[in-house]
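Trainee: This is the content of run_7.cif (mmCIF, C-alpha atoms):
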```
data_protein
#
loop_
_atom_site.group_PDB
_atom_site.id
_atom_site.type_symbol
_atom_site.label_atom_id
_atom_site.label_comp_id
_atom_site.auth_asym_id
_atom_site.auth_seq_id
_atom_site.Cartn_x
_atom_site.Cartn_y
_atom_site.Cartn_z
ATOM 1 C CA MET A 1 -96.508 126.621 -120.724
ATOM 2 C CA ARG A 2 -94.547 123.551 -121.779
ATOM 3 C CA ARG A 3 -92.951 123.304 -118.367
ATOM 4 C CA ALA A 4 -96.360 123.472 -116.646
ATOM 5 C CA ARG A 5 -97.695 120.705 -118.904
ATOM 6 C CA GLY A 6 -94.661 118.523 -118.120
ATOM 7 C CA THR A 7 -95.068 119.108 -114.390
ATOM 8 C CA PHE A 8 -98.760 118.236 -114.605
ATOM 9 C CA ARG A 9 -97.955 114.970 -116.407
ATOM 10 C CA LEU A 10 -95.369 114.069 -113.777
ATOM 11 C CA VAL A 11 -97.805 114.758 -110.925
ATOM 12 C CA ALA A 12 -100.533 112.737 -112.678
ATOM 13 C CA LEU A 13 -98.140 109.807 -113.221
ATOM 14 C CA VAL A 14 -97.073 109.818 -109.565
ATOM 15 C CA ALA A 15 -100.737 109.948 -108.442
ATOM 16 C CA VAL A 16 -101.688 106.978 -110.629
ATOM 17 C CA ALA A 17 -98.638 104.993 -109.498
ATOM 18 C CA THR A 18 -99.602 105.636 -105.876
ATOM 19 C CA ILE A 19 -103.321 104.853 -106.182
ATOM 20 C CA LEU A 20 -103.208 101.685 -108.323
ATOM 21 C CA PRO A 21 -101.472 99.487 -105.727
ATOM 22 C CA LEU A 22 -103.983 100.632 -103.098
ATOM 23 C CA LEU A 23 -106.887 99.641 -105.334
ATOM 24 C CA ALA A 24 -105.360 96.222 -105.929
ATOM 25 C CA VAL A 25 -105.006 95.594 -102.178
ATOM 26 C CA GLY A 26 -108.656 96.458 -101.593
ATOM 27 C CA ALA A 27 -109.755 94.120 -104.377
ATOM 28 C CA ASP A 28 -107.943 91.142 -102.825
ATOM 29 C CA GLN A 29 -109.345 91.708 -99.340
ATOM 30 C CA PRO A 30 -112.079 89.281 -98.281
ATOM 31 C CA ASP A 31 -115.516 90.571 -97.287
ATOM 32 C CA VAL A 32 -116.707 89.036 -93.989
ATOM 33 C CA THR A 33 -120.252 90.405 -94.197
ATOM 34 C CA GLY A 34 -122.762 87.761 -93.152
ATOM 35 C CA THR A 35 -123.658 85.406 -90.323
ATOM 36 C CA TRP A 36 -120.857 83.201 -89.011
ATOM 37 C CA THR A 37 -121.168 80.147 -86.769
ATOM 38 C CA MET A 38 -118.028 79.680 -84.711
ATOM 39 C CA SER A 39 -116.727 76.612 -82.949
ATOM 40 C CA VAL A 40 -114.608 77.631 -79.944
ATOM 41 C CA GLU A 41 -112.366 75.238 -78.000
ATOM 42 C CA THR A 42 -110.757 76.162 -74.656
ATOM 43 C CA ALA A 43 -109.331 74.306 -71.660
ATOM 44 C CA MET A 44 -112.602 75.159 -69.853
ATOM 45 C CA GLY A 45 -114.874 73.749 -72.559
ATOM 46 C CA SER A 46 -116.331 74.589 -75.934
ATOM 47 C CA GLY A 47 -119.035 76.770 -77.427
ATOM 48 C CA ASN A 48 -120.715 77.787 -80.677
ATOM 49 C CA PRO A 49 -121.346 81.542 -80.763
ATOM 50 C CA THR A 50 -122.856 83.281 -83.775
ATOM 51 C CA PHE A 51 -121.411 86.489 -85.209
ATOM 52 C CA THR A 52 -123.489 88.666 -87.529
ATOM 53 C CA LEU A 53 -121.022 90.963 -89.283
ATOM 54 C CA ALA A 54 -121.061 93.955 -91.619
ATOM 55 C CA GLN A 55 -117.917 95.274 -93.287
ATOM 56 C CA GLU A 56 -117.208 98.718 -94.679
ATOM 57 C CA GLY A 57 -113.677 99.004 -96.010
ATOM 58 C CA GLN A 58 -111.474 97.529 -93.298
ATOM 59 C CA ALA A 59 -113.922 98.259 -90.443
ATOM 60 C CA ILE A 60 -116.161 95.496 -89.112
ATOM 61 C CA THR A 61 -119.232 95.905 -86.899
ATOM 62 C CA GLY A 62 -121.952 93.538 -85.811
ATOM 63 C CA THR A 63 -123.281 91.412 -82.984
ATOM 64 C CA TYR A 64 -122.161 88.356 -81.032
ATOM 65 C CA GLU A 65 -124.701 85.859 -79.646
ATOM 66 C CA GLY A 66 -123.526 83.100 -77.381
ATOM 67 C CA TYR A 67 -122.439 82.230 -73.873
ATOM 68 C CA PHE A 68 -122.007 85.914 -72.949
ATOM 69 C CA GLY A 69 -125.431 86.947 -74.286
ATOM 70 C CA GLU A 70 -125.821 89.380 -77.183
ATOM 71 C CA VAL A 71 -123.155 92.101 -77.394
ATOM 72 C CA PRO A 72 -121.751 94.437 -80.049
ATOM 73 C CA VAL A 73 -118.756 93.381 -82.136
ATOM 74 C CA SER A 74 -116.068 95.673 -83.490
ATOM 75 C CA GLY A 75 -113.189 94.638 -85.663
ATOM 76 C CA ILE A 76 -110.810 95.184 -88.504
ATOM 77 C CA ILE A 77 -109.622 93.228 -91.505
ATOM 78 C CA GLU A 78 -106.229 93.735 -93.106
ATOM 79 C CA GLY A 79 -105.640 91.484 -96.073
ATOM 80 C CA GLU A 80 -106.783 88.054 -94.888
ATOM 81 C CA GLU A 81 -106.122 88.785 -91.183
ATOM 82 C CA VAL A 82 -109.232 89.544 -89.159
ATOM 83 C CA THR A 83 -109.662 90.702 -85.557
ATOM 84 C CA LEU A 84 -113.099 90.641 -83.926
ATOM 85 C CA SER A 85 -113.524 92.061 -80.417
ATOM 86 C CA ILE A 86 -116.313 91.960 -77.860
ATOM 87 C CA GLU A 87 -116.520 93.349 -74.332
ATOM 88 C CA VAL A 88 -118.434 91.361 -71.736
ATOM 89 C CA SER A 89 -118.973 91.103 -68.015
ATOM 90 C CA ALA A 90 -118.110 87.646 -66.693
ATOM 91 C CA GLN A 91 -118.450 86.789 -63.018
ATOM 92 C CA GLY A 92 -118.531 90.477 -62.133
ATOM 93 C CA GLN A 93 -115.417 91.377 -64.106
ATOM 94 C CA ASP A 94 -115.240 93.272 -67.394
ATOM 95 C CA MET A 95 -113.340 91.378 -70.050
ATOM 96 C CA LYS A 96 -112.335 92.031 -73.648
ATOM 97 C CA ILE A 97 -112.356 88.963 -75.879
ATOM 98 C CA ASP A 98 -110.422 89.026 -79.161
ATOM 99 C CA TYR A 99 -110.842 86.583 -82.024
ATOM 100 C CA VAL A 100 -107.711 86.858 -84.185
ATOM 101 C CA GLY A 101 -107.377 84.746 -87.298
ATOM 102 C CA ALA A 102 -107.374 84.409 -91.046
ATOM 103 C CA VAL A 103 -110.274 84.430 -93.498
ATOM 104 C CA GLU A 104 -110.376 82.207 -96.560
ATOM 105 C CA GLY A 105 -113.606 82.390 -98.527
ATOM 106 C CA ASP A 106 -116.478 81.323 -96.278
ATOM 107 C CA SER A 107 -114.297 80.092 -93.421
ATOM 108 C CA MET A 108 -112.047 81.627 -90.803
ATOM 109 C CA ALA A 109 -109.868 80.205 -88.058
ATOM 110 C CA GLY A 110 -107.451 81.371 -85.416
ATOM 111 C CA LYS A 111 -107.147 81.959 -81.700
ATOM 112 C CA VAL A 112 -109.467 83.566 -79.193
ATOM 113 C CA VAL A 113 -107.998 85.496 -76.256
ATOM 114 C CA PHE A 114 -110.126 85.934 -73.127
ATOM 115 C CA GLY A 115 -108.360 88.978 -71.685
ATOM 116 C CA SER A 116 -105.957 87.763 -69.004
ATOM 117 C CA PHE A 117 -108.059 84.628 -68.390
ATOM 118 C CA GLY A 118 -106.573 82.427 -71.097
ATOM 119 C CA GLU A 119 -107.054 81.555 -74.723
ATOM 120 C CA GLY A 120 -108.328 78.931 -77.072
ATOM 121 C CA THR A 121 -108.934 78.330 -80.752
ATOM 122 C CA PHE A 122 -111.847 78.996 -83.069
ATOM 123 C CA GLU A 123 -113.072 77.954 -86.493
ATOM 124 C CA GLY A 124 -115.955 79.635 -88.244
ATOM 125 C CA THR A 125 -118.172 79.069 -91.254
ATOM 126 C CA ARG A 126 -120.375 81.656 -92.946
ATOM 127 C CA GLU A 127 -124.024 80.626 -93.214
ATOM 128 C CA GLY A 128 -125.035 79.842 -96.751
ATOM 129 C CA SER A 129 -121.610 78.472 -97.662
ATOM 130 C CA ASP A 130 -121.095 74.995 -99.095
ATOM 131 C CA GLU A 131 -119.494 73.950 -95.807
ATOM 132 C CA ASP A 132 -122.776 74.253 -93.826
#
```
Rewrite the coordinates I just gave you, this time as structure tokens.

Mentor:
Amino acid sequence: MRRARGTFRLVALVAVATILPLLAVGADQPDVTGTWTMSVETAMGSGNPTFTLAQEGQAITGTYEGYFGEVPVSGIIEGEEVTLSIEVSAQGQDMKIDYVGAVEGDSMAGKVVFGSFGEGTFEGTREGSDED
């Protein structure tokens, strides 16, 4: 009986030691839920798409509205690093566009990759933030 109690305590201690760091990581992760206005700069010009995002855990879903019309967004956030992806048809060719950057409060910035067609930079601000 004593041995079983000791084993149980050891298992419980290991479980707590494993779970606590995972909870701390989740607590530090930004939440990107909301409407974001982006400013995109490329060699071909600039644009200001709007992303409406919802986050559940690390998964991001939502919509993009801009030059390519209105399309679904999928993405992931790991720590402060965010990746938002859309798939569009441009000039008869399907293209995946990835926004990869960092989130800090109500702003995010990074690079945007237009498949094999080039890349640019983006900065975004969440609506309702002090930076609007």

Trainee: With distances taken over all atoms listed in the file, which residue among A:Glu41, A:Thr125, A:Gly66, A:Phe51 lies nearest Val113 in chain A?

Mentor: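 Once distances to Val113 in chain A are computed over all atoms listed in the file, the minimum belongs to A:Glu41.
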
Trainee: Just give me the gap between CA of Met38 in chain A and CA of Asp94 in chain A in Å, one decimal is fine.

Mentor: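 One can read the CA of Met38 in chain A to CA of Asp94 in chain A distance as 22.2 Å.
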
Trainee: I'd like the contact shell of Ser89 in chain A - 12 Å cut-off, only C-alpha atoms, skipping same-chain residues fewer than 2 positions apart - returned as number ranges by chain.

Mentor: A: 67-71, 86-87, 91-97, 114-115

Trainee: Given the PyMOL selection byres ((chain A and resi 74) around 7) and the file above, list the residues it selects as number ranges by chain.

Mentor: A: 60-62, 72-73, 75, 84-86

Trainee: How would the residues just picked look written out with C-alpha atoms as a tab-separated table (two decimals), in the coordinates of the input?

Mentor:
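The resulting file, again.tsv, is reproduced below:
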```
chain	number	residue	atom	x	y	z
A	60	ILE	CA	-116.16	95.50	-89.11
A	61	THR	CA	-119.23	95.90	-86.90
A	62	GLY	CA	-121.95	93.54	-85.81
A	72	PRO	CA	-121.75	94.44	-80.05
A	73	VAL	CA	-118.76	93.38	-82.14
A	75	GLY	CA	-113.19	94.64	-85.66
A	84	LEU	CA	-113.10	90.64	-83.93
A	85	SER	CA	-113.52	92.06	-80.42
A	86	ILE	CA	-116.31	91.96	-77.86
```

Trainee: Point out the residue among A:Glu80, A:Asp28, A:Glu104, A:Glu123 with the least atom-to-atom distance to Pro49 in chain A, counting only C-alpha atoms.

Mentor: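 Distance minimum relative to Pro49 in chain A lands on A:Glu123.
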
Trainee: Give me range 47-97 of chain A from this structure - N, CA and C atoms, as a short mmCIF file (atom, residue, chain, number, x, y, z; two decimals), in the first residue's frame.

Mentor:
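Once everything was written out, this is selection16.cif:
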```cif
data_model
loop_
_atom_site.label_atom_id
_atom_site.label_comp_id
_atom_site.auth_asym_id
_atom_site.auth_seq_id
_atom_site.Cartn_x
_atom_site.Cartn_y
_atom_site.Cartn_z
N GLY A 47 -1.08 48.17 -50.89
CA GLY A 47 -2.49 47.89 -50.67
C GLY A 47 -2.82 47.91 -49.19
N ASN A 48 -4.12 47.90 -48.88
CA ASN A 48 -4.58 47.93 -47.50
C ASN A 48 -5.70 46.93 -47.27
N PRO A 49 -5.38 45.63 -47.29
CA PRO A 49 -6.42 44.63 -47.04
C PRO A 49 -6.86 44.63 -45.58
N THR A 50 -8.04 44.07 -45.35
CA THR A 50 -8.58 43.91 -44.01
C THR A 50 -8.70 42.41 -43.71
N PHE A 51 -8.22 42.01 -42.55
CA PHE A 51 -8.35 40.64 -42.08
C PHE A 51 -9.28 40.63 -40.87
N THR A 52 -10.29 39.80 -40.90
CA THR A 52 -11.15 39.59 -39.74
C THR A 52 -10.83 38.20 -39.22
N LEU A 53 -10.25 38.13 -38.02
CA LEU A 53 -9.67 36.89 -37.51
C LEU A 53 -10.36 36.41 -36.24
N ALA A 54 -10.38 35.08 -36.09
CA ALA A 54 -10.82 34.42 -34.86
C ALA A 54 -9.74 33.41 -34.49
N GLN A 55 -9.43 33.31 -33.22
CA GLN A 55 -8.38 32.41 -32.76
C GLN A 55 -8.94 31.45 -31.73
N GLU A 56 -8.59 30.18 -31.89
CA GLU A 56 -8.92 29.15 -30.92
C GLU A 56 -7.66 28.35 -30.67
N GLY A 57 -7.06 28.55 -29.50
CA GLY A 57 -5.76 27.94 -29.23
C GLY A 57 -4.74 28.56 -30.16
N GLN A 58 -4.04 27.73 -30.92
CA GLN A 58 -3.06 28.23 -31.88
C GLN A 58 -3.65 28.41 -33.28
N ALA A 59 -4.84 27.89 -33.52
CA ALA A 59 -5.46 27.94 -34.85
C ALA A 59 -6.15 29.28 -35.09
N ILE A 60 -5.97 29.79 -36.30
CA ILE A 60 -6.58 31.06 -36.69
C ILE A 60 -7.43 30.81 -37.94
N THR A 61 -8.63 31.38 -37.95
CA THR A 61 -9.50 31.35 -39.13
C THR A 61 -10.03 32.76 -39.33
N GLY A 62 -10.63 32.98 -40.49
CA GLY A 62 -11.22 34.29 -40.73
C GLY A 62 -11.40 34.58 -42.20
N THR A 63 -11.46 35.88 -42.52
CA THR A 63 -11.62 36.31 -43.90
C THR A 63 -10.65 37.44 -44.22
N TYR A 64 -10.29 37.49 -45.49
CA TYR A 64 -9.46 38.55 -46.07
C TYR A 64 -10.36 39.33 -47.01
N GLU A 65 -10.28 40.66 -46.99
CA GLU A 65 -10.95 41.51 -47.97
C GLU A 65 -9.94 42.50 -48.50
N GLY A 66 -9.78 42.49 -49.82
CA GLY A 66 -8.81 43.40 -50.41
C GLY A 66 -8.73 43.22 -51.91
N TYR A 67 -7.57 43.43 -52.45
CA TYR A 67 -7.32 43.38 -53.88
C TYR A 67 -7.82 42.08 -54.51
N PHE A 68 -7.70 40.97 -53.80
CA PHE A 68 -8.08 39.66 -54.33
C PHE A 68 -9.53 39.28 -53.99
N GLY A 69 -10.33 40.24 -53.57
CA GLY A 69 -11.72 39.98 -53.21
C GLY A 69 -11.85 39.57 -51.75
N GLU A 70 -12.83 38.74 -51.46
CA GLU A 70 -13.04 38.22 -50.11
C GLU A 70 -12.80 36.72 -50.14
N VAL A 71 -11.82 36.27 -49.36
CA VAL A 71 -11.44 34.85 -49.33
C VAL A 71 -11.18 34.40 -47.90
N PRO A 72 -11.30 33.10 -47.65
CA PRO A 72 -11.03 32.58 -46.31
C PRO A 72 -9.54 32.70 -45.93
N VAL A 73 -9.32 32.85 -44.64
CA VAL A 73 -7.96 32.90 -44.08
C VAL A 73 -7.80 31.70 -43.16
N SER A 74 -6.64 31.09 -43.22
CA SER A 74 -6.26 30.08 -42.22
C SER A 74 -4.90 30.48 -41.69
N GLY A 75 -4.61 30.05 -40.47
CA GLY A 75 -3.32 30.43 -39.92
C GLY A 75 -3.02 29.73 -38.62
N ILE A 76 -1.87 30.11 -38.09
CA ILE A 76 -1.41 29.55 -36.82
C ILE A 76 -0.59 30.61 -36.09
N ILE A 77 -0.64 30.55 -34.77
CA ILE A 77 0.20 31.42 -33.97
C ILE A 77 0.97 30.55 -33.00
N GLU A 78 2.27 30.79 -32.92
CA GLU A 78 3.15 30.08 -32.00
C GLU A 78 3.97 31.13 -31.27
N GLY A 79 3.66 31.31 -30.00
CA GLY A 79 4.29 32.41 -29.27
C GLY A 79 3.83 33.71 -29.89
N GLU A 80 4.77 34.56 -30.30
CA GLU A 80 4.41 35.83 -30.94
C GLU A 80 4.46 35.73 -32.47
N GLU A 81 4.89 34.57 -33.01
CA GLU A 81 4.99 34.41 -34.46
C GLU A 81 3.65 33.96 -35.04
N VAL A 82 3.20 34.70 -36.04
CA VAL A 82 1.91 34.42 -36.67
C VAL A 82 2.12 34.17 -38.16
N THR A 83 1.36 33.22 -38.70
CA THR A 83 1.31 32.97 -40.14
C THR A 83 -0.15 32.96 -40.57
N LEU A 84 -0.48 33.82 -41.53
CA LEU A 84 -1.82 33.90 -42.09
C LEU A 84 -1.72 33.55 -43.56
N SER A 85 -2.57 32.66 -44.04
CA SER A 85 -2.51 32.22 -45.44
C SER A 85 -3.86 32.38 -46.12
N ILE A 86 -3.78 32.80 -47.39
CA ILE A 86 -4.97 32.85 -48.24
C ILE A 86 -4.61 32.20 -49.57
N GLU A 87 -5.63 31.69 -50.25
CA GLU A 87 -5.44 31.13 -51.59
C GLU A 87 -6.34 31.88 -52.54
N VAL A 88 -5.72 32.40 -53.62
CA VAL A 88 -6.45 33.24 -54.57
C VAL A 88 -6.15 32.80 -55.99
N SER A 89 -6.94 33.33 -56.91
CA SER A 89 -6.68 33.14 -58.33
C SER A 89 -6.33 34.50 -58.88
N ALA A 90 -5.12 34.64 -59.41
CA ALA A 90 -4.65 35.91 -59.95
C ALA A 90 -4.21 35.70 -61.39
N GLN A 91 -4.82 36.41 -62.29
CA GLN A 91 -4.50 36.31 -63.71
C GLN A 91 -4.54 34.86 -64.20
N GLY A 92 -5.55 34.13 -63.73
CA GLY A 92 -5.75 32.76 -64.17
C GLY A 92 -4.87 31.72 -63.50
N GLN A 93 -4.08 32.13 -62.53
CA GLN A 93 -3.21 31.19 -61.82
C GLN A 93 -3.57 31.17 -60.34
N ASP A 94 -3.62 29.96 -59.78
CA ASP A 94 -3.85 29.82 -58.34
C ASP A 94 -2.57 30.18 -57.60
N MET A 95 -2.73 30.90 -56.50
CA MET A 95 -1.57 31.35 -55.75
C MET A 95 -1.89 31.34 -54.26
N LYS A 96 -0.93 30.87 -53.47
CA LYS A 96 -1.02 30.92 -52.02
C LYS A 96 -0.21 32.12 -51.55
N ILE A 97 -0.82 32.94 -50.71
CA ILE A 97 -0.15 34.11 -50.17
C ILE A 97 -0.01 33.92 -48.67
#
```
